[in-house]
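Student: Please find coords_24.cif (mmCIF, C-alpha atoms) on the next line:
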```
data_query
#
loop_
_atom_site.group_PDB
_atom_site.id
_atom_site.type_symbol
_atom_site.label_atom_id
_atom_site.label_comp_id
_atom_site.auth_asym_id
_atom_site.auth_seq_id
_atom_site.Cartn_x
_atom_site.Cartn_y
_atom_site.Cartn_z
ATOM 1 C CA ASP A 1013 19.496 -27.648 48.393
ATOM 2 C CA GLY A 1014 16.580 -29.019 46.406
ATOM 3 C CA GLY A 1015 14.747 -26.760 44.016
ATOM 4 C CA ILE A 1016 13.926 -25.665 40.520
ATOM 5 C CA THR A 1017 16.306 -23.615 38.444
ATOM 6 C CA GLN A 1018 15.551 -21.664 35.316
ATOM 7 C CA SER A 1019 18.133 -20.045 33.144
ATOM 8 C CA PRO A 1020 18.792 -17.476 32.024
ATOM 9 C CA LYS A 1021 16.901 -14.915 34.143
ATOM 10 C CA TYR A 1022 16.633 -12.517 31.180
ATOM 11 C CA LEU A 1023 16.732 -13.470 27.503
ATOM 12 C CA PHE A 1024 16.643 -11.312 24.414
ATOM 13 C CA ARG A 1025 16.065 -12.612 20.913
ATOM 14 C CA LYS A 1026 15.382 -11.233 17.489
ATOM 15 C CA GLU A 1027 12.015 -11.809 15.919
ATOM 16 C CA GLY A 1028 11.920 -14.985 13.858
ATOM 17 C CA GLN A 1029 14.471 -16.887 15.941
ATOM 18 C CA ASN A 1030 13.664 -19.961 17.980
ATOM 19 C CA VAL A 1031 14.792 -19.844 21.600
ATOM 20 C CA THR A 1032 14.999 -22.551 24.256
ATOM 21 C CA LEU A 1033 14.372 -21.902 27.942
ATOM 22 C CA SER A 1034 15.936 -24.211 30.472
ATOM 23 C CA CYS A 1035 14.215 -25.765 33.485
ATOM 24 C CA GLU A 1036 15.930 -28.202 35.849
ATOM 25 C CA GLN A 1037 14.696 -29.696 39.134
ATOM 26 C CA ASN A 1038 16.454 -31.892 41.682
ATOM 27 C CA LEU A 1039 13.337 -32.584 43.748
ATOM 28 C CA ASN A 1040 12.791 -35.986 42.128
ATOM 29 C CA HIS A 1041 9.359 -34.790 41.026
ATOM 30 C CA ASP A 1042 7.553 -36.713 38.296
ATOM 31 C CA ALA A 1043 5.473 -33.866 36.897
ATOM 32 C CA MET A 1044 6.726 -30.639 35.348
ATOM 33 C CA TYR A 1045 4.896 -27.648 33.884
ATOM 34 C CA TRP A 1046 5.480 -24.534 31.818
ATOM 35 C CA TYR A 1047 3.419 -21.378 32.297
ATOM 36 C CA ARG A 1048 3.343 -18.027 30.626
ATOM 37 C CA GLN A 1049 2.578 -14.851 32.555
ATOM 38 C CA ASP A 1050 1.682 -11.535 30.949
ATOM 39 C CA PRO A 1051 1.368 -8.218 32.842
ATOM 40 C CA GLY A 1052 -1.791 -8.058 34.919
ATOM 41 C CA GLN A 1053 -2.757 -11.614 34.101
ATOM 42 C CA GLY A 1054 -2.679 -14.939 35.822
ATOM 43 C CA LEU A 1055 -0.590 -17.906 34.814
ATOM 44 C CA ARG A 1056 -1.560 -19.772 31.659
ATOM 45 C CA LEU A 1057 -0.455 -23.351 31.103
ATOM 46 C CA ILE A 1058 1.625 -24.017 27.972
ATOM 47 C CA TYR A 1059 2.683 -27.669 28.312
ATOM 48 C CA TYR A 1060 3.009 -30.216 31.064
ATOM 49 C CA SER A 1061 4.663 -33.577 31.493
ATOM 50 C CA GLN A 1062 3.589 -36.305 33.882
ATOM 51 C CA ILE A 1063 6.486 -38.647 33.223
ATOM 52 C CA VAL A 1064 9.663 -38.938 31.206
ATOM 53 C CA ASN A 1065 9.159 -39.101 27.435
ATOM 54 C CA ASP A 1066 5.552 -37.953 27.737
ATOM 55 C CA PHE A 1067 3.961 -34.509 27.639
ATOM 56 C CA GLN A 1068 0.580 -32.888 26.970
ATOM 57 C CA LYS A 1069 -0.532 -29.567 25.569
ATOM 58 C CA GLY A 1070 -1.875 -26.994 27.967
ATOM 59 C CA ASP A 1071 -4.218 -24.142 27.183
ATOM 60 C CA ILE A 1072 -1.852 -22.100 24.979
ATOM 61 C CA ALA A 1073 0.533 -24.616 23.350
ATOM 62 C CA GLU A 1074 0.556 -23.111 19.858
ATOM 63 C CA GLY A 1075 3.989 -21.812 18.895
ATOM 64 C CA TYR A 1076 5.770 -23.753 21.634
ATOM 65 C CA SER A 1077 7.445 -27.156 21.874
ATOM 66 C CA VAL A 1078 8.882 -29.200 24.738
ATOM 67 C CA SER A 1079 10.822 -32.374 25.426
ATOM 68 C CA ARG A 1080 11.182 -34.567 28.505
ATOM 69 C CA GLU A 1081 14.139 -36.861 27.909
ATOM 70 C CA LYS A 1082 15.221 -36.796 31.551
ATOM 71 C CA LYS A 1083 13.173 -36.647 34.731
ATOM 72 C CA GLU A 1084 14.960 -33.566 35.993
ATOM 73 C CA SER A 1085 14.804 -31.493 32.798
ATOM 74 C CA PHE A 1086 11.908 -29.981 30.840
ATOM 75 C CA PRO A 1087 13.153 -27.421 28.283
ATOM 76 C CA LEU A 1088 10.696 -25.160 26.463
ATOM 77 C CA THR A 1089 11.324 -23.935 22.915
ATOM 78 C CA VAL A 1090 9.587 -20.758 21.833
ATOM 79 C CA THR A 1091 9.362 -21.019 18.072
ATOM 80 C CA SER A 1092 9.042 -18.313 15.457
ATOM 81 C CA ALA A 1093 5.419 -19.387 15.062
ATOM 82 C CA GLN A 1094 4.544 -17.883 18.453
ATOM 83 C CA LYS A 1095 2.952 -14.536 17.599
ATOM 84 C CA ASN A 1096 3.578 -12.723 20.895
ATOM 85 C CA PRO A 1097 6.532 -14.427 22.582
ATOM 86 C CA THR A 1098 7.568 -11.587 24.886
ATOM 87 C CA ALA A 1099 6.479 -12.668 28.370
ATOM 88 C CA PHE A 1100 7.593 -14.027 31.731
ATOM 89 C CA TYR A 1101 7.940 -17.823 31.602
ATOM 90 C CA LEU A 1102 7.608 -19.959 34.710
ATOM 91 C CA CYS A 1103 8.497 -23.601 35.158
ATOM 92 C CA ALA A 1104 7.016 -25.690 37.964
ATOM 93 C CA SER A 1105 7.086 -29.245 39.231
ATOM 94 C CA SER A 1106 5.040 -31.457 41.523
ATOM 95 C CA ILE A 1107 5.624 -34.863 43.074
ATOM 96 C CA GLU A 1108 2.968 -36.421 40.883
ATOM 97 C CA PRO A 1109 0.372 -34.885 38.589
ATOM 98 C CA ALA A 1110 -2.951 -35.568 40.212
ATOM 99 C CA SER A 1111 -1.926 -35.760 43.820
ATOM 100 C CA THR A 1112 -3.040 -33.256 46.386
ATOM 101 C CA ASP A 1113 0.514 -32.025 46.540
ATOM 102 C CA THR A 1114 1.161 -28.631 45.133
ATOM 103 C CA GLN A 1115 3.341 -27.190 42.418
ATOM 104 C CA TYR A 1116 6.678 -25.588 43.178
ATOM 105 C CA PHE A 1117 7.880 -22.837 40.897
ATOM 106 C CA GLY A 1118 11.234 -21.765 39.541
ATOM 107 C CA PRO A 1119 12.334 -18.107 39.535
ATOM 108 C CA GLY A 1120 11.225 -17.527 35.936
ATOM 109 C CA THR A 1121 12.791 -16.341 32.687
ATOM 110 C CA ARG A 1122 11.796 -13.021 31.177
ATOM 111 C CA LEU A 1123 11.925 -13.319 27.386
ATOM 112 C CA THR A 1124 11.973 -10.205 25.247
ATOM 113 C CA VAL A 1125 11.732 -10.544 21.488
ATOM 114 C CA LEU A 1126 12.962 -7.487 19.631
ATOM 115 C CA GLY B 408 -14.295 -23.782 31.139
ATOM 116 C CA GLN B 409 -13.894 -23.419 34.860
ATOM 117 C CA GLN B 410 -12.586 -20.024 35.888
ATOM 118 C CA LEU B 411 -11.435 -18.448 39.109
ATOM 119 C CA ASN B 412 -12.545 -14.874 39.716
ATOM 120 C CA GLN B 413 -10.240 -13.111 42.091
ATOM 121 C CA SER B 414 -10.927 -9.797 43.830
ATOM 122 C CA PRO B 415 -9.966 -7.160 44.394
ATOM 123 C CA GLN B 416 -7.642 -6.698 41.444
ATOM 124 C CA SER B 417 -5.351 -4.447 43.481
ATOM 125 C CA MET B 418 -5.112 -3.041 46.972
ATOM 126 C CA PHE B 419 -3.197 -0.109 48.418
ATOM 127 C CA ILE B 420 -2.985 -0.169 52.192
ATOM 128 C CA GLN B 421 -0.975 1.247 55.055
ATOM 129 C CA GLU B 422 1.402 -0.824 57.082
ATOM 130 C CA GLY B 423 -0.386 -2.428 60.010
ATOM 131 C CA GLU B 424 -3.742 -2.750 58.296
ATOM 132 C CA ASP B 425 -5.479 -6.073 57.761
ATOM 133 C CA VAL B 426 -6.107 -7.329 54.221
ATOM 134 C CA SER B 427 -8.760 -9.599 52.801
ATOM 135 C CA MET B 428 -9.020 -11.022 49.297
ATOM 136 C CA ASN B 429 -11.161 -13.740 47.814
ATOM 137 C CA CYS B 430 -11.525 -16.135 44.952
ATOM 138 C CA THR B 431 -14.855 -17.369 43.588
ATOM 139 C CA SER B 432 -16.082 -19.681 40.884
ATOM 140 C CA SER B 433 -19.350 -20.975 39.520
ATOM 141 C CA SER B 434 -17.838 -24.481 39.674
ATOM 142 C CA ILE B 435 -17.040 -26.734 42.593
ATOM 143 C CA PHE B 436 -13.408 -27.381 43.441
ATOM 144 C CA ASN B 437 -11.757 -29.920 45.716
ATOM 145 C CA THR B 438 -8.592 -27.967 46.383
ATOM 146 C CA TRP B 439 -7.777 -24.320 47.002
ATOM 147 C CA LEU B 440 -4.241 -23.033 46.953
ATOM 148 C CA TRP B 441 -2.919 -19.553 47.683
ATOM 149 C CA TYR B 442 0.383 -18.392 46.212
ATOM 150 C CA LYS B 443 2.387 -15.187 46.566
ATOM 151 C CA GLN B 444 4.605 -13.834 43.806
ATOM 152 C CA ASP B 445 7.308 -11.302 44.537
ATOM 153 C CA PRO B 446 8.253 -8.995 41.651
ATOM 154 C CA GLY B 447 10.307 -10.829 39.045
ATOM 155 C CA GLU B 448 10.136 -14.157 40.871
ATOM 156 C CA GLY B 449 8.119 -17.352 40.700
ATOM 157 C CA PRO B 450 5.044 -17.857 42.913
ATOM 158 C CA VAL B 451 5.547 -19.434 46.316
ATOM 159 C CA LEU B 452 2.890 -21.520 48.014
ATOM 160 C CA LEU B 453 1.410 -19.900 51.118
ATOM 161 C CA ILE B 454 -1.486 -22.121 52.128
ATOM 162 C CA ALA B 455 -3.153 -25.256 50.745
ATOM 163 C CA LEU B 456 -6.755 -26.194 51.569
ATOM 164 C CA TYR B 457 -8.278 -29.601 50.861
ATOM 165 C CA LYS B 458 -11.598 -29.788 52.726
ATOM 166 C CA ALA B 459 -14.739 -27.669 52.597
ATOM 167 C CA GLY B 460 -14.896 -25.406 55.634
ATOM 168 C CA GLU B 461 -11.201 -25.843 56.390
ATOM 169 C CA LEU B 462 -9.561 -22.839 58.039
ATOM 170 C CA THR B 463 -5.777 -22.784 57.985
ATOM 171 C CA SER B 464 -3.250 -20.274 59.265
ATOM 172 C CA ASN B 465 0.357 -19.645 58.361
ATOM 173 C CA GLY B 466 1.726 -16.911 60.609
ATOM 174 C CA ARG B 467 -0.210 -13.728 59.872
ATOM 175 C CA LEU B 468 -2.012 -15.411 56.974
ATOM 176 C CA THR B 469 -5.331 -17.196 57.291
ATOM 177 C CA ALA B 470 -7.230 -18.887 54.482
ATOM 178 C CA GLN B 471 -10.555 -20.684 54.356
ATOM 179 C CA PHE B 472 -12.097 -23.202 51.955
ATOM 180 C CA GLY B 473 -15.702 -22.134 51.458
ATOM 181 C CA ILE B 474 -18.500 -24.439 52.567
ATOM 182 C CA THR B 475 -20.019 -24.429 49.080
ATOM 183 C CA ARG B 476 -16.589 -25.404 47.644
ATOM 184 C CA LYS B 477 -16.950 -22.537 45.182
ATOM 185 C CA ASP B 478 -14.894 -19.949 46.988
ATOM 186 C CA SER B 479 -11.952 -19.242 49.251
ATOM 187 C CA PHE B 480 -10.578 -16.213 51.018
ATOM 188 C CA LEU B 481 -7.159 -15.141 52.239
ATOM 189 C CA ASN B 482 -6.634 -12.713 55.115
ATOM 190 C CA ILE B 483 -3.384 -11.033 56.061
ATOM 191 C CA SER B 484 -3.267 -9.430 59.483
ATOM 192 C CA ALA B 485 -1.062 -6.500 60.521
ATOM 193 C CA SER B 486 0.474 -6.035 57.072
ATOM 194 C CA ILE B 487 4.157 -5.223 56.690
ATOM 195 C CA PRO B 488 6.126 -3.875 53.699
ATOM 196 C CA SER B 489 7.378 -7.332 52.683
ATOM 197 C CA ASP B 490 3.769 -8.414 52.085
ATOM 198 C CA VAL B 491 3.963 -6.494 48.805
ATOM 199 C CA GLY B 492 3.426 -8.716 45.793
ATOM 200 C CA ILE B 493 0.770 -10.489 43.770
ATOM 201 C CA TYR B 494 -1.415 -13.075 45.464
ATOM 202 C CA PHE B 495 -2.917 -15.843 43.343
ATOM 203 C CA CYS B 496 -5.548 -18.405 44.135
ATOM 204 C CA ALA B 497 -5.368 -21.692 42.258
ATOM 205 C CA SER B 498 -7.251 -24.946 42.044
ATOM 206 C CA ARG B 499 -7.599 -28.155 40.073
ATOM 207 C CA PRO B 500 -10.408 -28.233 37.496
ATOM 208 C CA SER B 501 -12.656 -31.268 37.620
ATOM 209 C CA TYR B 502 -12.183 -31.878 33.871
ATOM 210 C CA ASN B 503 -8.430 -32.364 34.319
ATOM 211 C CA THR B 504 -6.992 -32.848 37.779
ATOM 212 C CA ASP B 505 -3.474 -33.109 36.355
ATOM 213 C CA LYS B 506 -3.152 -29.356 36.175
ATOM 214 C CA LEU B 507 -3.899 -26.161 38.081
ATOM 215 C CA ILE B 508 -5.871 -23.127 36.992
ATOM 216 C CA PHE B 509 -5.020 -19.733 38.449
ATOM 217 C CA GLY B 510 -6.955 -16.631 39.318
ATOM 218 C CA THR B 511 -5.869 -13.317 37.799
ATOM 219 C CA GLY B 512 -4.204 -12.219 41.009
ATOM 220 C CA THR B 513 -4.541 -9.474 43.619
ATOM 221 C CA ARG B 514 -1.717 -6.945 43.584
ATOM 222 C CA LEU B 515 -0.962 -5.705 47.097
ATOM 223 C CA GLN B 516 0.938 -2.515 47.810
ATOM 224 C CA VAL B 517 1.804 -1.620 51.407
ATOM 225 C CA PHE B 518 2.790 1.923 52.328
ATOM 226 C CA PRO B 519 4.817 2.637 55.476
#
```
Please express what this file holds, its structure, as structure tokens.
Tutor:
Amino acid sequence: DGGITQSPKYLFRKEGQNVTLSCEQNLNHDAMYWYRQDPGQGLRLIYYSQIVNDFQKGDIAEGYSVSREKKESFPLTVTSAQKNPTAFYLCASSIEPASTDTQYFGPGTRLTVL
Amino acid sequence: GQQLNQSPQSMFIQEGEDVSMNCTSSSIFNTWLWYKQDPGEGPVLLIALYKAGELTSNGRLTAQFGITRKDSFLNISASIPSDVGIYFCASRPSYNTDKLIFGTGTRLQVFP
């Protein structure tokens, strides 16, 4: 079955540690996205990538980093510079960035920094 | 920047009732999308709208793209317990059509 997978579902880290969240898709989509969701709020865009080896900052990129070495993978690193890293992180993909096609989301990773 | 104002923020209804929620903006959009998020999961697309005035149904769900292109509404008829979740509107801002912006969501609770 085609889809987007995120692992792990729950992640706990100590303050000051970097942590990398995984996102994999087998939909052959060009574009991939990372969002952050906080309680009672909408989704805020962290980074997005339109094509392999290219990515752009979203609205809240500070304290995060990404890479896009393969079309199917778009890992997100939450660095120690991120002041409030505890949140629900969602990865998404779309066939191409500016098409009328929509974004498809993974199941999310809930990160808790202790 | 362009923002999507979604209302109501939350709704508590009885099973069988109809539900209506809307999304408005001071800016014009060319696309309106409605997503549903179950607790602890990623959002799932319900309905996509691409033309002003467009009315689209998906089972008990009906959504419309406002004529002014500044708003959209989503109706759910004869609600059932599995309708519980958060409903988001989303659209592409004119300053960057490579990404989506999301409303703050409407949290729906259905009581039997």
Student: Tell me, counting all atoms listed in the file, for each residue of chain B within 12 Å of chain A, which pair of atoms is nearest and how far apart they are in Å to one decimal, in rows ordered by chain and increasing number, as JSON lines.
Tutor:
```
{"residue": "B:Gly408", "atom": "CA", "partner": "A:Asp1071", "partner_atom": "CA", "distance": 10.8}
{"residue": "B:Gln410", "atom": "CA", "partner": "A:Gly1054", "partner_atom": "CA", "distance": 11.1}
{"residue": "B:Leu411", "atom": "CA", "partner": "A:Gly1054", "partner_atom": "CA", "distance": 10.0}
{"residue": "B:Asn412", "atom": "CA", "partner": "A:Gly1054", "partner_atom": "CA", "distance": 10.6}
{"residue": "B:Gln413", "atom": "CA", "partner": "A:Gly1054", "partner_atom": "CA", "distance": 10.0}
{"residue": "B:Gln416", "atom": "CA", "partner": "A:Gly1052", "partner_atom": "CA", "distance": 8.9}
{"residue": "B:Ser417", "atom": "CA", "partner": "A:Gly1052", "partner_atom": "CA", "distance": 10.0}
{"residue": "B:Asn437", "atom": "CA", "partner": "A:Thr1112", "partner_atom": "CA", "distance": 9.4}
{"residue": "B:Thr438", "atom": "CA", "partner": "A:Thr1112", "partner_atom": "CA", "distance": 7.7}
{"residue": "B:Trp439", "atom": "CA", "partner": "A:Thr1114", "partner_atom": "CA", "distance": 10.1}
{"residue": "B:Leu440", "atom": "CA", "partner": "A:Thr1114", "partner_atom": "CA", "distance": 8.0}
{"residue": "B:Trp441", "atom": "CA", "partner": "A:Thr1114", "partner_atom": "CA", "distance": 10.3}
{"residue": "B:Tyr442", "atom": "CA", "partner": "A:Gln1115", "partner_atom": "CA", "distance": 10.0}
{"residue": "B:Lys443", "atom": "CA", "partner": "A:Phe1117", "partner_atom": "CA", "distance": 11.0}
{"residue": "B:Gln444", "atom": "CA", "partner": "A:Pro1119", "partner_atom": "CA", "distance": 9.8}
{"residue": "B:Asp445", "atom": "CA", "partner": "A:Pro1119", "partner_atom": "CA", "distance": 9.8}
{"residue": "B:Pro446", "atom": "CA", "partner": "A:Pro1119", "partner_atom": "CA", "distance": 10.2}
{"residue": "B:Gly447", "atom": "CA", "partner": "A:Gly1120", "partner_atom": "CA", "distance": 7.4}
{"residue": "B:Glu448", "atom": "CA", "partner": "A:Pro1119", "partner_atom": "CA", "distance": 4.7}
{"residue": "B:Gly449", "atom": "CA", "partner": "A:Pro1119", "partner_atom": "CA", "distance": 4.4}
{"residue": "B:Pro450", "atom": "CA", "partner": "A:Phe1117", "partner_atom": "CA", "distance": 6.1}
{"residue": "B:Val451", "atom": "CA", "partner": "A:Phe1117", "partner_atom": "CA", "distance": 6.8}
{"residue": "B:Leu452", "atom": "CA", "partner": "A:Tyr1116", "partner_atom": "CA", "distance": 7.4}
{"residue": "B:Leu453", "atom": "CA", "partner": "A:Thr1114", "partner_atom": "CA", "distance": 10.6}
{"residue": "B:Ile454", "atom": "CA", "partner": "A:Thr1114", "partner_atom": "CA", "distance": 9.9}
{"residue": "B:Ala455", "atom": "CA", "partner": "A:Thr1114", "partner_atom": "CA", "distance": 7.8}
{"residue": "B:Leu456", "atom": "CA", "partner": "A:Thr1112", "partner_atom": "CA", "distance": 9.5}
{"residue": "B:Tyr457", "atom": "CA", "partner": "A:Thr1112", "partner_atom": "CA", "distance": 7.8}
{"residue": "B:Lys458", "atom": "CA", "partner": "A:Thr1112", "partner_atom": "CA", "distance": 11.2}
{"residue": "B:Ile493", "atom": "CA", "partner": "A:Gly1052", "partner_atom": "CA", "distance": 9.5}
{"residue": "B:Tyr494", "atom": "CA", "partner": "A:Gly1054", "partner_atom": "CA", "distance": 9.9}
{"residue": "B:Phe495", "atom": "CA", "partner": "A:Gly1054", "partner_atom": "CA", "distance": 7.6}
{"residue": "B:Cys496", "atom": "CA", "partner": "A:Gly1054", "partner_atom": "CA", "distance": 9.5}
{"residue": "B:Ala497", "atom": "CA", "partner": "A:Leu1055", "partner_atom": "CA", "distance": 9.6}
{"residue": "B:Ser498", "atom": "CA", "partner": "A:Thr1114", "partner_atom": "CA", "distance": 9.7}
{"residue": "B:Arg499", "atom": "CA", "partner": "A:Ala1110", "partner_atom": "CA", "distance": 8.8}
{"residue": "B:Pro500", "atom": "CA", "partner": "A:Ala1110", "partner_atom": "CA", "distance": 10.8}
{"residue": "B:Ser501", "atom": "CA", "partner": "A:Ala1110", "partner_atom": "CA", "distance": 10.9}
{"residue": "B:Tyr502", "atom": "CA", "partner": "A:Ala1110", "partner_atom": "CA", "distance": 11.8}
{"residue": "B:Asn503", "atom": "CA", "partner": "A:Ala1110", "partner_atom": "CA", "distance": 8.7}
{"residue": "B:Thr504", "atom": "CA", "partner": "A:Ala1110", "partner_atom": "CA", "distance": 5.4}
{"residue": "B:Asp505", "atom": "CA", "partner": "A:Ala1110", "partner_atom": "CA", "distance": 4.6}
{"residue": "B:Lys506", "atom": "CA", "partner": "A:Pro1109", "partner_atom": "CA", "distance": 7.0}
{"residue": "B:Leu507", "atom": "CA", "partner": "A:Leu1057", "partner_atom": "CA", "distance": 8.3}
{"residue": "B:Ile508", "atom": "CA", "partner": "A:Arg1056", "partner_atom": "CA", "distance": 7.6}
{"residue": "B:Phe509", "atom": "CA", "partner": "A:Gly1054", "partner_atom": "CA", "distance": 5.9}
{"residue": "B:Gly510", "atom": "CA", "partner": "A:Gly1054", "partner_atom": "CA", "distance": 5.8}
{"residue": "B:Thr511", "atom": "CA", "partner": "A:Gly1054", "partner_atom": "CA", "distance": 4.1}
{"residue": "B:Gly512", "atom": "CA", "partner": "A:Gly1054", "partner_atom": "CA", "distance": 6.1}
{"residue": "B:Thr513", "atom": "CA", "partner": "A:Gly1052", "partner_atom": "CA", "distance": 9.2}
{"residue": "B:Arg514", "atom": "CA", "partner": "A:Gly1052", "partner_atom": "CA", "distance": 8.7}
```
Student: Can you write just those residues out, C-alpha atoms, as an mmCIF file, in the frame of the given file?
Tutor:
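Okay, this is what ended up in result.cif:
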```cif
data_model
loop_
_atom_site.group_PDB
_atom_site.id
_atom_site.type_symbol
_atom_site.label_atom_id
_atom_site.label_comp_id
_atom_site.auth_asym_id
_atom_site.auth_seq_id
_atom_site.Cartn_x
_atom_site.Cartn_y
_atom_site.Cartn_z
ATOM 1 C CA GLY B 408 -14.295 -23.782 31.139
ATOM 2 C CA GLN B 410 -12.586 -20.024 35.888
ATOM 3 C CA LEU B 411 -11.435 -18.448 39.109
ATOM 4 C CA ASN B 412 -12.545 -14.874 39.716
ATOM 5 C CA GLN B 413 -10.240 -13.111 42.091
ATOM 6 C CA GLN B 416 -7.642 -6.698 41.444
ATOM 7 C CA SER B 417 -5.351 -4.447 43.481
ATOM 8 C CA ASN B 437 -11.757 -29.920 45.716
ATOM 9 C CA THR B 438 -8.592 -27.967 46.383
ATOM 10 C CA TRP B 439 -7.777 -24.320 47.002
ATOM 11 C CA LEU B 440 -4.241 -23.033 46.953
ATOM 12 C CA TRP B 441 -2.919 -19.553 47.683
ATOM 13 C CA TYR B 442 0.383 -18.392 46.212
ATOM 14 C CA LYS B 443 2.387 -15.187 46.566
ATOM 15 C CA GLN B 444 4.605 -13.834 43.806
ATOM 16 C CA ASP B 445 7.308 -11.302 44.537
ATOM 17 C CA PRO B 446 8.253 -8.995 41.651
ATOM 18 C CA GLY B 447 10.307 -10.829 39.045
ATOM 19 C CA GLU B 448 10.136 -14.157 40.871
ATOM 20 C CA GLY B 449 8.119 -17.352 40.700
ATOM 21 C CA PRO B 450 5.044 -17.857 42.913
ATOM 22 C CA VAL B 451 5.547 -19.434 46.316
ATOM 23 C CA LEU B 452 2.890 -21.520 48.014
ATOM 24 C CA LEU B 453 1.410 -19.900 51.118
ATOM 25 C CA ILE B 454 -1.486 -22.121 52.128
ATOM 26 C CA ALA B 455 -3.153 -25.256 50.745
ATOM 27 C CA LEU B 456 -6.755 -26.194 51.569
ATOM 28 C CA TYR B 457 -8.278 -29.601 50.861
ATOM 29 C CA LYS B 458 -11.598 -29.788 52.726
ATOM 30 C CA ILE B 493 0.770 -10.489 43.770
ATOM 31 C CA TYR B 494 -1.415 -13.075 45.464
ATOM 32 C CA PHE B 495 -2.917 -15.843 43.343
ATOM 33 C CA CYS B 496 -5.548 -18.405 44.135
ATOM 34 C CA ALA B 497 -5.368 -21.692 42.258
ATOM 35 C CA SER B 498 -7.251 -24.946 42.044
ATOM 36 C CA ARG B 499 -7.599 -28.155 40.073
ATOM 37 C CA PRO B 500 -10.408 -28.233 37.496
ATOM 38 C CA SER B 501 -12.656 -31.268 37.620
ATOM 39 C CA TYR B 502 -12.183 -31.878 33.871
ATOM 40 C CA ASN B 503 -8.430 -32.364 34.319
ATOM 41 C CA THR B 504 -6.992 -32.848 37.779
ATOM 42 C CA ASP B 505 -3.474 -33.109 36.355
ATOM 43 C CA LYS B 506 -3.152 -29.356 36.175
ATOM 44 C CA LEU B 507 -3.899 -26.161 38.081
ATOM 45 C CA ILE B 508 -5.871 -23.127 36.992
ATOM 46 C CA PHE B 509 -5.020 -19.733 38.449
ATOM 47 C CA GLY B 510 -6.955 -16.631 39.318
ATOM 48 C CA THR B 511 -5.869 -13.317 37.799
ATOM 49 C CA GLY B 512 -4.204 -12.219 41.009
ATOM 50 C CA THR B 513 -4.541 -9.474 43.619
ATOM 51 C CA ARG B 514 -1.717 -6.945 43.584
#
```
Student: For this structure, which residues satisfy the selection - the PyMOL selection byres ((chain A and resi 1098) around 6) - when it is evaluated on the file as given? I want them as number ranges by chain.
Tutor: A: 1096-1097, 1099, 1123-1125
Student: So what do you get for CA of Pro1087 (chain A) versus CA of Pro1051 (chain A), distance-wise?
Tutor: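 These atoms are spaced 23.0 Å apart.
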Student: Go ahead and compute the interatomic distance for CA of Asn1065 (chain A) and CA of Asn1040 (chain A), in Å to one decimal.
Tutor: 15.5 Å
Student: Could you expand the PyMOL selection byres ((chain B and resi 459-472) around 6) into the explicit residues it covers here, written as a PyMOL selection string?
Tutor: chain B and resi 458+473-474+476+479-484
Student: Apply the PyMOL selection byres ((chain A and resi 1083-1086) around 7) to the file shown and report the selected residues as a PyMOL selection string.
Tutor: chain A and resi 1035-1038+1040+1042+1044+1064+1078-1082+1087-1088
Student: Generate the output file for the selected residues, C-alpha atoms, as a compact mmCIF listing (two decimals), in the frame of the given file.
Tutor:
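What follows is the written file selection_34.txt:
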```
# COMPACT_ATOMS: atom_id res chain seq x y z
CA CYS A 1035 14.22 -25.76 33.48
CA GLU A 1036 15.93 -28.20 35.85
CA GLN A 1037 14.70 -29.70 39.13
CA ASN A 1038 16.45 -31.89 41.68
CA ASN A 1040 12.79 -35.99 42.13
CA ASP A 1042 7.55 -36.71 38.30
CA MET A 1044 6.73 -30.64 35.35
CA VAL A 1064 9.66 -38.94 31.21
CA VAL A 1078 8.88 -29.20 24.74
CA SER A 1079 10.82 -32.37 25.43
CA ARG A 1080 11.18 -34.57 28.50
CA GLU A 1081 14.14 -36.86 27.91
CA LYS A 1082 15.22 -36.80 31.55
CA PRO A 1087 13.15 -27.42 28.28
CA LEU A 1088 10.70 -25.16 26.46
```
Student: To one decimal in Å, tell me the separation between CA of Thr1032 (chain A) and CA of Ser1106 (chain A).
Tutor: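 Separating CA of Thr1032 (chain A) from CA of Ser1106 (chain A) is a distance of 21.8 Å.
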Student: Padding of 6 Å on every side, edges along x, y and z, all listed atoms of region 1039-1052 of chain A included: what centre and edge lengths in Å, to one decimal, does that box have, as lines of an AutoDock Vina configuration file?
Tutor:
```
center_x = 5.8
center_y = -22.4
center_z = 37.2
size_x = 27.1
size_y = 40.7
size_z = 25.1
```
Student: What's around Thr1091 (chain A) at 7 Å? Count all atoms listed in the file, leave out sequence neighbours fewer than 3 positions away in its own chain, and write the answer as JSON, numbers by chain.
Tutor: {"A": [1029, 1030, 1031, 1075, 1076, 1094]}
Student: Using only C-alpha atoms, which of the listed residues (B:Ile435, B:Ala485, B:Ile420, B:Val426) sits closest to Gln516 (chain B)?
Tutor: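 So, comparing all the options, the nearest one is B:Ile420.
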Student: Of the candidates A:Ser1077, A:Ser1105, A:Gln1049, A:Ser1034, which one gets nearest to Ile1063 (chain A) if we count all atoms listed in the file?
Tutor: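 Using all atoms listed in the file, Ile1063 (chain A) sits closest to A:Ser1105.
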